[in-house]
$ cat data17.csv   # CSV, C-alpha atoms and all ligand atoms
chain,number,residue,atom,x,y,z
A,1,MET,CA,6.9,-45.8,-12.8
A,2,SER,CA,8.4,-46.5,-9.3
A,3,THR,CA,12.2,-46.5,-8.9
A,4,PRO,CA,13.4,-50.0,-7.9
A,5,SER,CA,14.9,-50.2,-4.4
A,6,PRO,CA,18.7,-50.3,-4.3
A,7,VAL,CA,20.5,-53.6,-4.0
A,8,ARG,CA,21.7,-53.9,-0.4
A,9,ILE,CA,25.3,-55.2,-0.4
A,10,GLY,CA,27.6,-56.6,2.2
A,11,ILE,CA,31.3,-56.3,1.5
A,12,VAL,CA,33.4,-59.3,2.6
A,13,GLY,CA,37.2,-58.5,2.8
A,14,VAL,CA,38.2,-54.9,3.2
A,15,GLY,CA,41.8,-55.1,2.2
A,16,ARG,CA,43.7,-53.7,-0.8
A,17,MET,CA,40.9,-54.4,-3.4
A,18,GLY,CA,38.0,-54.6,-0.9
A,19,ARG,CA,38.3,-50.9,0.0
A,20,ARG,CA,38.1,-49.9,-3.6
A,21,HIS,CA,35.0,-52.0,-4.1
A,22,ALA,CA,33.5,-50.7,-0.9
A,23,GLU,CA,34.1,-47.1,-1.8
A,24,ASN,CA,32.6,-47.6,-5.3
A,25,LEU,CA,29.5,-49.3,-3.9
A,26,ALA,CA,29.0,-46.7,-1.2
A,27,ARG,CA,29.6,-43.6,-3.4
A,28,ARG,CA,29.6,-44.4,-7.1
A,29,VAL,CA,27.3,-47.2,-8.1
A,30,PRO,CA,23.7,-46.2,-8.8
A,31,GLY,CA,21.2,-48.7,-7.6
A,32,ALA,CA,23.6,-50.1,-4.9
A,33,THR,CA,23.9,-49.4,-1.3
A,34,LEU,CA,26.6,-50.7,1.0
A,35,VAL,CA,24.9,-51.9,4.2
A,36,ALA,CA,27.3,-54.4,5.8
A,37,ALA,CA,31.0,-55.3,6.0
A,38,CYS,CA,32.9,-58.4,7.1
A,39,SER,CA,36.5,-58.9,7.9
A,40,PRO,CA,38.4,-60.8,10.7
A,41,ILE,CA,40.5,-57.7,11.2
A,42,GLY,CA,38.9,-55.1,13.5
A,43,GLU,CA,40.7,-52.1,12.0
A,44,GLU,CA,39.3,-52.9,8.6
A,45,LEU,CA,35.8,-52.9,10.1
A,46,ASP,CA,36.6,-49.6,11.8
A,47,TRP,CA,37.6,-48.2,8.4
A,48,ALA,CA,34.3,-49.3,6.9
A,49,ARG,CA,32.3,-47.6,9.7
A,50,ASP,CA,34.4,-44.4,10.0
A,51,THR,CA,34.9,-43.8,6.2
A,52,LEU,CA,31.7,-45.1,4.7
A,53,GLY,CA,29.3,-45.1,7.5
A,54,VAL,CA,28.6,-48.9,7.4
A,55,GLU,CA,26.8,-49.9,10.6
A,56,SER,CA,26.3,-53.7,10.2
A,57,LEU,CA,29.9,-55.0,11.0
A,58,HIS,CA,30.9,-58.6,11.3
A,59,LYS,CA,34.1,-60.5,12.1
A,60,ASP,CA,32.4,-63.7,11.1
A,61,TYR,CA,31.2,-64.4,7.5
A,62,ASP,CA,28.2,-66.6,8.6
A,63,ALA,CA,27.1,-63.7,10.9
A,64,LEU,CA,27.0,-61.4,7.9
A,65,LEU,CA,25.0,-64.0,5.9
A,66,ARG,CA,22.5,-64.1,8.8
A,67,ALA,CA,22.2,-60.4,9.2
A,68,PRO,CA,18.9,-58.9,8.0
A,69,GLY,CA,18.6,-56.6,5.0
A,70,VAL,CA,21.5,-58.0,2.8
A,71,ASP,CA,20.6,-58.9,-0.8
A,72,ALA,CA,24.0,-59.5,-2.2
A,73,VAL,CA,27.6,-60.1,-1.1
A,74,PHE,CA,30.8,-58.8,-2.7
A,75,LEU,CA,33.6,-61.3,-1.9
A,76,VAL,CA,37.0,-59.7,-2.0
A,77,THR,CA,38.8,-62.3,0.1
A,78,PRO,CA,41.9,-64.5,-0.4
A,79,ASN,CA,41.5,-66.7,-3.5
A,80,THR,CA,41.4,-70.0,-1.5
A,81,LEU,CA,38.2,-68.9,0.3
A,82,HIS,CA,36.1,-68.0,-2.8
A,83,PRO,CA,34.3,-71.3,-3.6
A,84,ALA,CA,33.1,-72.1,-0.1
A,85,GLN,CA,32.1,-68.5,0.5
A,86,ILE,CA,30.1,-68.4,-2.8
A,87,ILE,CA,28.3,-71.6,-2.0
A,88,ALA,CA,27.4,-70.4,1.5
A,89,ALA,CA,26.1,-67.1,0.1
A,90,LEU,CA,23.9,-68.9,-2.5
A,91,LYS,CA,22.5,-71.3,0.2
A,92,ALA,CA,21.7,-68.2,2.3
A,93,GLY,CA,19.8,-66.7,-0.7
A,94,LYS,CA,22.2,-63.9,-1.6
A,95,HIS,CA,23.4,-62.7,-5.0
A,96,VAL,CA,27.2,-62.9,-5.4
A,97,PHE,CA,29.9,-60.9,-6.9
A,98,CYS,CA,33.3,-62.6,-6.3
A,99,GLU,CA,36.7,-61.3,-7.2
A,100,LYS,CA,38.8,-63.5,-9.6
A,101,PRO,CA,39.8,-66.3,-9.7
A,102,LEU,CA,36.8,-68.5,-9.0
A,103,SER,CA,39.0,-71.1,-7.3
A,104,LEU,CA,42.4,-72.7,-7.5
A,105,VAL,CA,40.9,-76.2,-7.9
A,106,LEU,CA,38.8,-77.4,-10.9
A,107,ASP,CA,36.5,-79.5,-8.8
A,108,GLU,CA,35.6,-76.5,-6.6
A,109,CYS,CA,34.8,-74.5,-9.7
A,110,LEU,CA,32.4,-77.3,-10.8
A,111,ALA,CA,30.8,-77.4,-7.3
A,112,VAL,CA,30.1,-73.6,-7.5
A,113,GLU,CA,28.6,-74.0,-11.0
A,114,ALA,CA,26.4,-76.8,-9.7
A,115,GLU,CA,25.3,-74.8,-6.7
A,116,ALA,CA,24.6,-71.7,-8.9
A,117,ALA,CA,22.4,-73.9,-11.1
A,118,ARG,CA,20.3,-74.8,-8.1
A,119,HIS,CA,19.5,-71.1,-7.5
A,120,PRO,CA,18.7,-69.8,-11.0
A,121,HIS,CA,17.0,-66.7,-9.5
A,122,LEU,CA,20.3,-65.6,-7.9
A,123,LYS,CA,23.1,-63.8,-9.9
A,124,VAL,CA,26.6,-65.0,-9.5
A,125,MET,CA,29.5,-63.3,-11.2
A,126,ILE,CA,33.3,-63.3,-11.2
A,127,GLY,CA,35.1,-60.0,-11.5
A,128,PHE,CA,36.6,-60.2,-14.9
A,129,VAL,CA,36.9,-56.4,-15.1
A,130,ARG,CA,38.2,-56.1,-18.7
A,131,ARG,CA,35.0,-57.7,-20.1
A,132,PHE,CA,33.3,-54.5,-18.9
A,133,ASP,CA,35.9,-52.2,-20.4
A,134,ALA,CA,34.4,-50.2,-23.3
A,135,SER,CA,37.6,-50.8,-25.4
A,136,TYR,CA,37.5,-54.6,-25.0
A,137,GLN,CA,33.7,-54.6,-25.7
A,138,ASP,CA,34.3,-52.6,-28.8
A,139,ALA,CA,37.1,-54.9,-29.9
A,140,HIS,CA,34.9,-58.0,-29.3
A,141,ARG,CA,32.2,-56.4,-31.5
A,142,GLN,CA,34.7,-55.7,-34.3
A,143,ILE,CA,36.0,-59.3,-34.2
A,144,GLU,CA,32.4,-60.7,-34.3
A,145,LYS,CA,31.7,-58.4,-37.3
A,146,GLY,CA,34.7,-59.9,-39.1
A,147,ALA,CA,36.9,-56.8,-39.0
A,148,ILE,CA,40.2,-58.9,-38.8
A,149,GLY,CA,39.0,-62.0,-40.7
A,150,ARG,CA,39.4,-65.2,-38.8
A,151,PRO,CA,41.1,-64.6,-35.5
A,152,PHE,CA,43.8,-67.2,-34.8
A,153,MET,CA,46.1,-65.9,-32.1
A,154,VAL,CA,45.9,-63.8,-29.0
A,155,ARG,CA,48.8,-62.3,-27.1
A,156,SER,CA,47.7,-60.8,-23.8
A,157,GLU,CA,49.4,-59.4,-20.7
A,158,THR,CA,48.7,-58.3,-17.2
A,159,CYS,CA,51.5,-56.4,-15.5
A,160,ASP,CA,51.4,-54.9,-12.0
A,161,GLN,CA,53.6,-52.2,-10.7
A,162,ASN,CA,56.4,-53.5,-8.4
A,163,ASP,CA,55.3,-53.3,-4.8
A,164,PRO,CA,58.5,-52.9,-2.7
A,165,THR,CA,56.5,-53.5,0.5
A,166,GLY,CA,56.6,-57.3,-0.3
A,167,PHE,CA,52.7,-57.5,-0.5
A,168,PHE,CA,53.0,-60.0,-3.4
A,169,VAL,CA,55.2,-62.3,-1.3
A,170,ARG,CA,52.7,-62.3,1.6
A,171,PHE,CA,49.8,-62.8,-0.8
A,172,ALA,CA,51.6,-65.7,-2.6
A,173,PRO,CA,50.6,-68.6,-0.3
A,174,THR,CA,46.9,-68.2,-1.1
A,175,SER,CA,47.1,-66.7,-4.6
A,176,GLY,CA,47.4,-69.9,-6.7
A,177,GLY,CA,50.6,-68.6,-8.4
A,178,ILE,CA,51.1,-65.9,-11.0
A,179,PHE,CA,49.2,-67.5,-13.8
A,180,VAL,CA,46.0,-68.4,-11.8
A,181,ASP,CA,46.1,-65.1,-10.0
A,182,MET,CA,47.0,-62.7,-12.9
A,183,SER,CA,46.9,-64.4,-16.2
A,184,VAL,CA,43.4,-65.6,-15.4
A,185,HIS,CA,42.2,-62.3,-16.9
A,186,ASP,CA,44.1,-62.9,-20.1
A,187,ILE,CA,43.0,-66.6,-20.3
A,188,ASP,CA,39.4,-65.4,-20.0
A,189,LEU,CA,39.9,-62.7,-22.6
A,190,ALA,CA,41.6,-65.1,-25.1
A,191,ARG,CA,38.7,-67.5,-24.9
A,192,TRP,CA,36.1,-64.7,-25.1
A,193,LEU,CA,37.8,-63.0,-28.1
A,194,LEU,CA,38.4,-66.3,-29.9
A,195,GLY,CA,34.8,-67.6,-29.4
A,196,SER,CA,35.4,-70.0,-26.4
A,197,PRO,CA,37.8,-72.6,-27.9
A,198,LYS,CA,38.7,-75.5,-25.6
A,199,PRO,CA,42.3,-75.5,-24.3
A,200,LEU,CA,44.3,-78.5,-25.4
A,201,ARG,CA,47.7,-78.0,-23.7
A,202,ALA,CA,49.8,-75.3,-22.1
A,203,PHE,CA,53.4,-74.6,-21.5
A,204,SER,CA,54.9,-72.0,-19.1
A,205,VAL,CA,58.1,-70.7,-17.8
A,206,GLY,CA,58.9,-68.0,-15.2
A,207,THR,CA,61.6,-66.1,-13.5
A,208,ILE,CA,62.1,-64.3,-10.2
A,209,ALA,CA,63.4,-60.9,-11.3
A,210,MET,CA,63.1,-59.3,-7.8
A,211,HIS,CA,61.1,-61.1,-5.2
A,212,GLU,CA,63.2,-64.0,-4.0
A,213,GLY,CA,60.6,-64.8,-1.3
A,214,LEU,CA,58.3,-66.2,-3.9
A,215,ALA,CA,60.5,-69.2,-4.3
A,216,ALA,CA,59.2,-70.7,-1.1
A,217,CYS,CA,55.8,-71.0,-2.7
A,218,GLY,CA,57.1,-72.2,-6.0
A,219,ASP,CA,56.0,-68.9,-7.6
A,220,VAL,CA,57.7,-66.4,-9.8
A,221,ASP,CA,57.3,-62.7,-10.4
A,222,ASN,CA,57.4,-62.8,-14.2
A,223,GLY,CA,55.9,-65.6,-16.2
A,224,VAL,CA,55.2,-66.5,-19.9
A,225,ALA,CA,52.7,-69.1,-21.0
A,226,ILE,CA,51.6,-70.6,-24.4
A,227,CYS,CA,48.3,-72.3,-24.7
A,228,GLU,CA,47.2,-74.4,-27.7
A,229,PHE,CA,43.5,-74.7,-28.3
A,230,ALA,CA,41.8,-77.9,-29.6
A,231,ASP,CA,41.0,-76.2,-32.9
A,232,GLY,CA,44.7,-75.4,-33.5
A,233,ARG,CA,44.6,-71.7,-32.5
A,234,VAL,CA,47.0,-70.3,-29.9
A,235,ALA,CA,47.4,-67.8,-27.1
A,236,CYS,CA,50.4,-66.4,-25.5
A,237,PHE,CA,50.3,-64.8,-22.0
A,238,TYR,CA,52.7,-62.6,-20.0
A,239,ALA,CA,52.3,-61.7,-16.4
A,240,SER,CA,54.6,-59.5,-14.3
A,241,ARG,CA,54.6,-58.2,-10.8
A,242,THR,CA,57.6,-56.0,-11.2
A,243,MET,CA,56.8,-53.2,-13.7
A,244,ALA,CA,58.8,-50.1,-12.7
A,245,HIS,CA,56.4,-47.5,-14.3
A,246,GLY,CA,52.9,-48.7,-13.2
A,247,HIS,CA,50.1,-51.1,-13.8
A,248,GLU,CA,49.6,-52.0,-17.5
A,249,THR,CA,47.4,-54.4,-19.4
A,250,ALA,CA,47.3,-55.0,-23.2
A,251,THR,CA,45.8,-57.6,-25.5
A,252,GLU,CA,46.4,-58.2,-29.2
A,253,VAL,CA,44.3,-60.4,-31.5
A,254,VAL,CA,45.8,-61.5,-34.9
A,255,GLY,CA,43.4,-62.5,-37.7
A,256,THR,CA,43.7,-63.4,-41.3
A,257,ASP,CA,42.7,-59.9,-42.4
A,258,GLY,CA,44.3,-57.7,-39.7
A,259,ARG,CA,45.5,-57.3,-36.2
A,260,LEU,CA,43.6,-55.6,-33.3
A,261,VAL,CA,45.4,-54.1,-30.4
A,262,ILE,CA,43.8,-53.0,-27.1
A,263,GLY,CA,45.6,-51.0,-24.4
A,264,ARG,CA,49.0,-50.2,-26.0
A,265,ASP,CA,48.4,-46.5,-25.9
A,266,GLY,CA,46.3,-44.2,-23.8
A,267,ARG,CA,43.3,-43.0,-25.7
A,268,LEU,CA,39.6,-42.9,-24.9
A,269,THR,CA,38.8,-45.9,-27.0
A,270,ARG,CA,41.8,-48.1,-26.9
A,271,TRP,CA,41.4,-50.5,-29.8
A,272,ARG,CA,43.0,-50.0,-33.1
A,273,SER,CA,43.4,-52.3,-36.0
A,274,PRO,CA,46.1,-52.1,-38.7
A,275,THR,CA,44.7,-54.1,-41.6
A,276,ARG,CA,46.3,-55.3,-44.9
A,277,THR,CA,47.9,-52.8,-47.2
A,278,ALA,CA,46.6,-52.7,-50.8
A,279,SER,CA,49.8,-54.4,-52.0
A,280,ALA,CA,49.3,-57.4,-49.7
A,281,ARG,CA,45.8,-58.2,-50.9
A,301,LIG,N1,40.4,-57.8,-10.6
A,301,LIG,C1,41.6,-57.5,-10.3
A,301,LIG,O1,42.3,-56.9,-11.1
A,301,LIG,C2,42.1,-57.7,-8.9
A,301,LIG,C3,43.2,-57.0,-8.4
A,301,LIG,C4,43.7,-57.2,-7.1
A,301,LIG,C5,43.1,-58.2,-6.3
A,301,LIG,N2,42.0,-58.9,-6.8
A,301,LIG,C6,41.4,-60.0,-6.1
A,301,LIG,O2,40.8,-59.5,-4.9
A,301,LIG,C7,40.8,-60.4,-3.8
A,301,LIG,C8,41.5,-59.8,-2.6
A,301,LIG,O3,42.8,-59.4,-2.9
A,301,LIG,P1,43.5,-58.2,-2.1
A,301,LIG,O4,44.7,-57.8,-2.9
A,301,LIG,O5,42.5,-57.1,-1.7
A,301,LIG,O6,44.0,-59.0,-0.8
A,301,LIG,P2,44.1,-58.4,0.7
A,301,LIG,O7,45.0,-59.5,1.4
A,301,LIG,O8,44.5,-57.0,0.7
A,301,LIG,O9,42.6,-58.5,1.3
A,301,LIG,C9,42.0,-59.7,1.6
A,301,LIG,C10,40.9,-59.4,2.6
A,301,LIG,O10,40.2,-60.5,3.0
A,301,LIG,C11,39.9,-60.5,4.4
A,301,LIG,N3,39.7,-61.9,4.9
A,301,LIG,C12,40.6,-62.9,5.1
A,301,LIG,N4,39.9,-63.9,5.6
A,301,LIG,C13,38.6,-63.6,5.6
A,301,LIG,C14,37.5,-64.4,6.0
A,301,LIG,N5,37.5,-65.6,6.4
A,301,LIG,N6,36.3,-63.7,5.9
A,301,LIG,C15,36.2,-62.5,5.5
A,301,LIG,N7,37.2,-61.7,5.1
A,301,LIG,C16,38.5,-62.3,5.2
A,301,LIG,C17,41.2,-59.8,5.0
A,301,LIG,O11,40.9,-59.3,6.2
A,301,LIG,C18,41.4,-58.7,3.9
A,301,LIG,O12,40.5,-57.7,4.2
A,301,LIG,C19,41.6,-61.6,-4.4
A,301,LIG,O13,40.7,-62.6,-4.8
A,301,LIG,C20,42.4,-61.1,-5.6
A,301,LIG,O14,42.6,-62.0,-6.6
A,301,LIG,C21,41.6,-58.7,-8.1
$ encode --input "data17.csv" --output "structure tokens" --more "lines below"
Ligand SMILES: NC(=O)c1ccc[n+]([C@@H]2O[C@H](COP(=O)([O-])OP(=O)(O)OC[C@H]3O[C@@H](n4cnc5c(N)ncnc54)[C@H](O)[C@@H]3O)[C@@H](O)[C@H]2O)c1
Amino acid sequence: MSTPSPVRIGIVGVGRMGRRHAENLARRVPGATLVAACSPIGEELDWARDTLGVESLHKDYDALLRAPGVDAVFLVTPNTLHPAQIIAALKAGKHVFCEKPLSLVLDECLAVEAEAARHPHLKVMIGFVRRFDASYQDAHRQIEKGAIGRPFMVRSETCDQNDPTGFFVRFAPTSGGIFVDMSVHDIDLARWLLGSPKPLRAFSVGTIAMHEGLAACGDVDNGVAICEFADGRVACFYASRTMAHGHETATEVVGTDGRLVIGRDGRLTRWRSPTRTASAR
């Protein structure tokens, strides 16, 4: 049997997260090869050439889409650019991986969905990383098997380590705010782990614990939100940009027969599930 040829990928955006994706694609992902890079910033392109040996370098996104020998793009660009860049890539016949969130505007999400439907032979995915985490996948399987009975509540959090350089403040004008930018992971998980209920209403509050500069964008550095789903189930989200000790994520699902917790302690498989004691049955 012949080995399939590797997928030839162009990275778009070579900043904080783009460099990680670029290094993974170039060195660690079997079946992928990094062939092109795009960034308006010359030093970022120099980094891609000097560190990873990428030869096809573009300051302009359309030029990368026109370059020969690119099967797929990895979009690791500011959140406001995602929908237009996905649509352009699909029209150019490229598969797309795009970092979260899909967009800051619902209509733009729907426009991307419609364009994707016009190109069923092309893959389009958004980088909801925790859906590919073995512990979350294991937890999902346990819930589907009924291990905690009927799940009715999710509490989920995404907490970043404080970045004293002020990156989060510079990032804020295009991030969509703490909930769209960070809690989007938890919102996706809550819907996935509860079997895709439809949201009915949400309530949120936030505070600026450290980064006063966020006030100019109407943003906060710590936020709490509650979402009620149409079937009466609920989810509670916490997002923080100011953790002192490091990046931390955790999710808890409460069901009629137990509780399942992912990410509260560092073990190889991170789900655990305290269930009813004999006296409570
Ligand atoms: N999944 C996660 O947990 C996670 C974590 C961090 C960031 N992200 C996402 O990754 C994306 C990038 O975030 P970041 O922290 O790396 O930001 P960043 O500001 O460090 O990088 C953005 C990059 O986009 C480039 N860029 C700007 N305009 C461009 C254009 N028109 N065409 C091509 N490139 C352009 C910039 O030069 C830069 O390289 C965002 O969507 C963010 O939400 C996801």
$ residues_near_ligand --input "data17.csv" --ligand "ligand LIG 301 (chain A)" --cutoff "8 Å" --atoms "only C-alpha atoms and all ligand atoms" --output "PyMOL selection string"
chain A and resi 12-19+38-41+44+59-61+75-79+81-82+98-101+127-129+171+175+181-182+185
$ residues_around --input "data17.csv" --residues "A:Arg130" --least-positions-apart "3" --cutoff "8 Å" --atoms "all atoms listed in the file" --output "short mmCIF file (atom, residue, chain, number, x, y, z; two decimals) with C-alpha atoms, keeping the file's coordinate frame"
data_model
loop_
_atom_site.label_atom_id
_atom_site.label_comp_id
_atom_site.auth_asym_id
_atom_site.auth_seq_id
_atom_site.Cartn_x
_atom_site.Cartn_y
_atom_site.Cartn_z
CA ASP A 133 35.90 -52.20 -20.40
CA TYR A 136 37.50 -54.60 -25.00
CA HIS A 185 42.20 -62.30 -16.90
CA LEU A 189 39.90 -62.70 -22.60
#
$ residues_near_point --input "data17.csv" --point "(41.5, -52.9, -27.8)" --cutoff "12 Å" --atoms "all atoms listed in the file" --output "ChimeraX atom specification"
/A:130-131,133-143,154-156,189,193,249-254,259-274
$ atom_distance --input "data17.csv" --atom1 "atom CA of A:Met125" --atom2 "atom CA of A:Phe97"
4.9 Å
$ atom_distance --input "data17.csv" --atom1 "atom CA of A:Pro173" --atom2 "atom CA of A:Cys217"
6.2 Å
$ residues_near_point --input "data17.csv" --point "(20.5, -57.4, 1.7)" --cutoff "8 Å" --atoms "only C-alpha atoms" --output "MDAnalysis selection string"
chainID A and resid 7:10 35 68:72 94
$ closest_residue --input "data17.csv" --among "A:Val220, A:Leu194, A:Cys109, A:Val184" --to "A:Ala235" --atoms "all atoms listed in the file"
A:Leu194
$ atom_distance --input "data17.csv" --atom1 "atom CA of A:Gly195" --atom2 "atom CA of A:Leu102"
20.5 Å
$ closest_residue --input "data17.csv" --among "A:Val54, A:Val169, A:Ile87, A:Ile187" --to "A:Glu212" --atoms "all atoms listed in the file"
A:Val169
$ closest_residue --input "data17.csv" --among "A:Thr165, A:Ile126, A:Thr33, A:Gly53" --to "A:Ile86" --atoms "all atoms listed in the file"
A:Ile126
$ closest_residue --input "data17.csv" --among "A:Thr51, A:Pro83, A:Asp188, A:Ala202" --to "A:Ala230" --atoms "all atoms listed in the file"
A:Ala202
$ closest_residue --input "data17.csv" --among "A:Val224, A:Val234, A:Ile11, A:Val96" --to "A:Gly255" --atoms "all atoms listed in the file"
A:Val234
$ build_atoms --input "data17.csv" --residues "stretch 90-115 of chain A" --atoms "N, CA and C atoms" --output "PDB file, keeping the file's coordinate frame"
ATOM      1  N   LEU A  90      25.043 -68.471  -1.680  1.00  0.00           N
ATOM      2  CA  LEU A  90      23.900 -68.900  -2.500  1.00  0.00           C
ATOM      3  C   LEU A  90      22.909 -69.679  -1.584  1.00  0.00           C
ATOM      4  N   LYS A  91      23.437 -70.518  -0.687  1.00  0.00           N
ATOM      5  CA  LYS A  91      22.500 -71.300   0.200  1.00  0.00           C
ATOM      6  C   LYS A  91      21.769 -70.313   1.123  1.00  0.00           C
ATOM      7  N   ALA A  92      22.363 -69.141   1.407  1.00  0.00           N
ATOM      8  CA  ALA A  92      21.700 -68.200   2.300  1.00  0.00           C
ATOM      9  C   ALA A  92      20.783 -67.237   1.428  1.00  0.00           C
ATOM     10  N   GLY A  93      20.690 -67.496   0.111  1.00  0.00           N
ATOM     11  CA  GLY A  93      19.800 -66.700  -0.700  1.00  0.00           C
ATOM     12  C   GLY A  93      20.311 -65.369  -1.177  1.00  0.00           C
ATOM     13  N   LYS A  94      21.653 -65.225  -1.242  1.00  0.00           N
ATOM     14  CA  LYS A  94      22.200 -63.900  -1.600  1.00  0.00           C
ATOM     15  C   LYS A  94      22.768 -63.998  -3.074  1.00  0.00           C
ATOM     16  N   HIS A  95      22.640 -62.876  -3.797  1.00  0.00           N
ATOM     17  CA  HIS A  95      23.400 -62.700  -5.000  1.00  0.00           C
ATOM     18  C   HIS A  95      24.843 -62.568  -4.715  1.00  0.00           C
ATOM     19  N   VAL A  96      25.721 -62.939  -5.679  1.00  0.00           N
ATOM     20  CA  VAL A  96      27.200 -62.900  -5.400  1.00  0.00           C
ATOM     21  C   VAL A  96      27.960 -62.250  -6.492  1.00  0.00           C
ATOM     22  N   PHE A  97      28.795 -61.300  -6.091  1.00  0.00           N
ATOM     23  CA  PHE A  97      29.900 -60.900  -6.900  1.00  0.00           C
ATOM     24  C   PHE A  97      31.162 -61.385  -6.215  1.00  0.00           C
ATOM     25  N   CYS A  98      32.052 -62.081  -6.943  1.00  0.00           N
ATOM     26  CA  CYS A  98      33.300 -62.600  -6.300  1.00  0.00           C
ATOM     27  C   CYS A  98      34.464 -62.146  -7.183  1.00  0.00           C
ATOM     28  N   GLU A  99      35.503 -61.692  -6.514  1.00  0.00           N
ATOM     29  CA  GLU A  99      36.700 -61.300  -7.200  1.00  0.00           C
ATOM     30  C   GLU A  99      37.311 -62.606  -7.907  1.00  0.00           C
ATOM     31  N   LYS A 100      38.081 -62.412  -8.957  1.00  0.00           N
ATOM     32  CA  LYS A 100      38.800 -63.500  -9.600  1.00  0.00           C
ATOM     33  C   LYS A 100      39.888 -64.016  -8.735  1.00  0.00           C
ATOM     34  N   PRO A 101      40.368 -65.215  -8.875  1.00  0.00           N
ATOM     35  CA  PRO A 101      39.800 -66.300  -9.700  1.00  0.00           C
ATOM     36  C   PRO A 101      38.713 -67.014  -8.889  1.00  0.00           C
ATOM     37  N   LEU A 102      37.853 -67.743  -9.623  1.00  0.00           N
ATOM     38  CA  LEU A 102      36.800 -68.500  -9.000  1.00  0.00           C
ATOM     39  C   LEU A 102      37.337 -69.433  -7.914  1.00  0.00           C
ATOM     40  N   SER A 103      38.348 -70.191  -8.287  1.00  0.00           N
ATOM     41  CA  SER A 103      39.000 -71.100  -7.300  1.00  0.00           C
ATOM     42  C   SER A 103      40.355 -71.491  -7.875  1.00  0.00           C
ATOM     43  N   LEU A 104      41.117 -72.183  -7.040  1.00  0.00           N
ATOM     44  CA  LEU A 104      42.400 -72.700  -7.500  1.00  0.00           C
ATOM     45  C   LEU A 104      42.293 -74.156  -7.903  1.00  0.00           C
ATOM     46  N   VAL A 105      41.098 -74.733  -7.735  1.00  0.00           N
ATOM     47  CA  VAL A 105      40.900 -76.200  -7.900  1.00  0.00           C
ATOM     48  C   VAL A 105      39.696 -76.390  -8.847  1.00  0.00           C
ATOM     49  N   LEU A 106      39.886 -77.185  -9.897  1.00  0.00           N
ATOM     50  CA  LEU A 106      38.800 -77.400 -10.900  1.00  0.00           C
ATOM     51  C   LEU A 106      37.533 -77.927 -10.247  1.00  0.00           C
ATOM     52  N   ASP A 107      37.683 -78.944  -9.384  1.00  0.00           N
ATOM     53  CA  ASP A 107      36.500 -79.500  -8.800  1.00  0.00           C
ATOM     54  C   ASP A 107      35.663 -78.514  -8.004  1.00  0.00           C
ATOM     55  N   GLU A 108      36.359 -77.576  -7.379  1.00  0.00           N
ATOM     56  CA  GLU A 108      35.600 -76.500  -6.600  1.00  0.00           C
ATOM     57  C   GLU A 108      34.890 -75.601  -7.583  1.00  0.00           C
ATOM     58  N   CYS A 109      35.474 -75.335  -8.747  1.00  0.00           N
ATOM     59  CA  CYS A 109      34.800 -74.500  -9.700  1.00  0.00           C
ATOM     60  C   CYS A 109      33.483 -75.204 -10.154  1.00  0.00           C
ATOM     61  N   LEU A 110      33.583 -76.502 -10.394  1.00  0.00           N
ATOM     62  CA  LEU A 110      32.400 -77.300 -10.800  1.00  0.00           C
ATOM     63  C   LEU A 110      31.353 -77.291  -9.729  1.00  0.00           C
ATOM     64  N   ALA A 111      31.803 -77.378  -8.464  1.00  0.00           N
ATOM     65  CA  ALA A 111      30.800 -77.400  -7.300  1.00  0.00           C
ATOM     66  C   ALA A 111      30.105 -76.054  -7.272  1.00  0.00           C
ATOM     67  N   VAL A 112      30.807 -74.946  -7.533  1.00  0.00           N
ATOM     68  CA  VAL A 112      30.100 -73.600  -7.500  1.00  0.00           C
ATOM     69  C   VAL A 112      29.129 -73.563  -8.670  1.00  0.00           C
ATOM     70  N   GLU A 113      29.533 -74.031  -9.837  1.00  0.00           N
ATOM     71  CA  GLU A 113      28.600 -74.000 -11.000  1.00  0.00           C
ATOM     72  C   GLU A 113      27.330 -74.807 -10.654  1.00  0.00           C
ATOM     73  N   ALA A 114      27.522 -75.977 -10.024  1.00  0.00           N
ATOM     74  CA  ALA A 114      26.400 -76.800  -9.700  1.00  0.00           C
ATOM     75  C   ALA A 114      25.465 -76.121  -8.686  1.00  0.00           C
ATOM     76  N   GLU A 115      26.069 -75.465  -7.690  1.00  0.00           N
ATOM     77  CA  GLU A 115      25.300 -74.800  -6.700  1.00  0.00           C
ATOM     78  C   GLU A 115      24.521 -73.589  -7.336  1.00  0.00           C
TER      79      GLU A 115
END
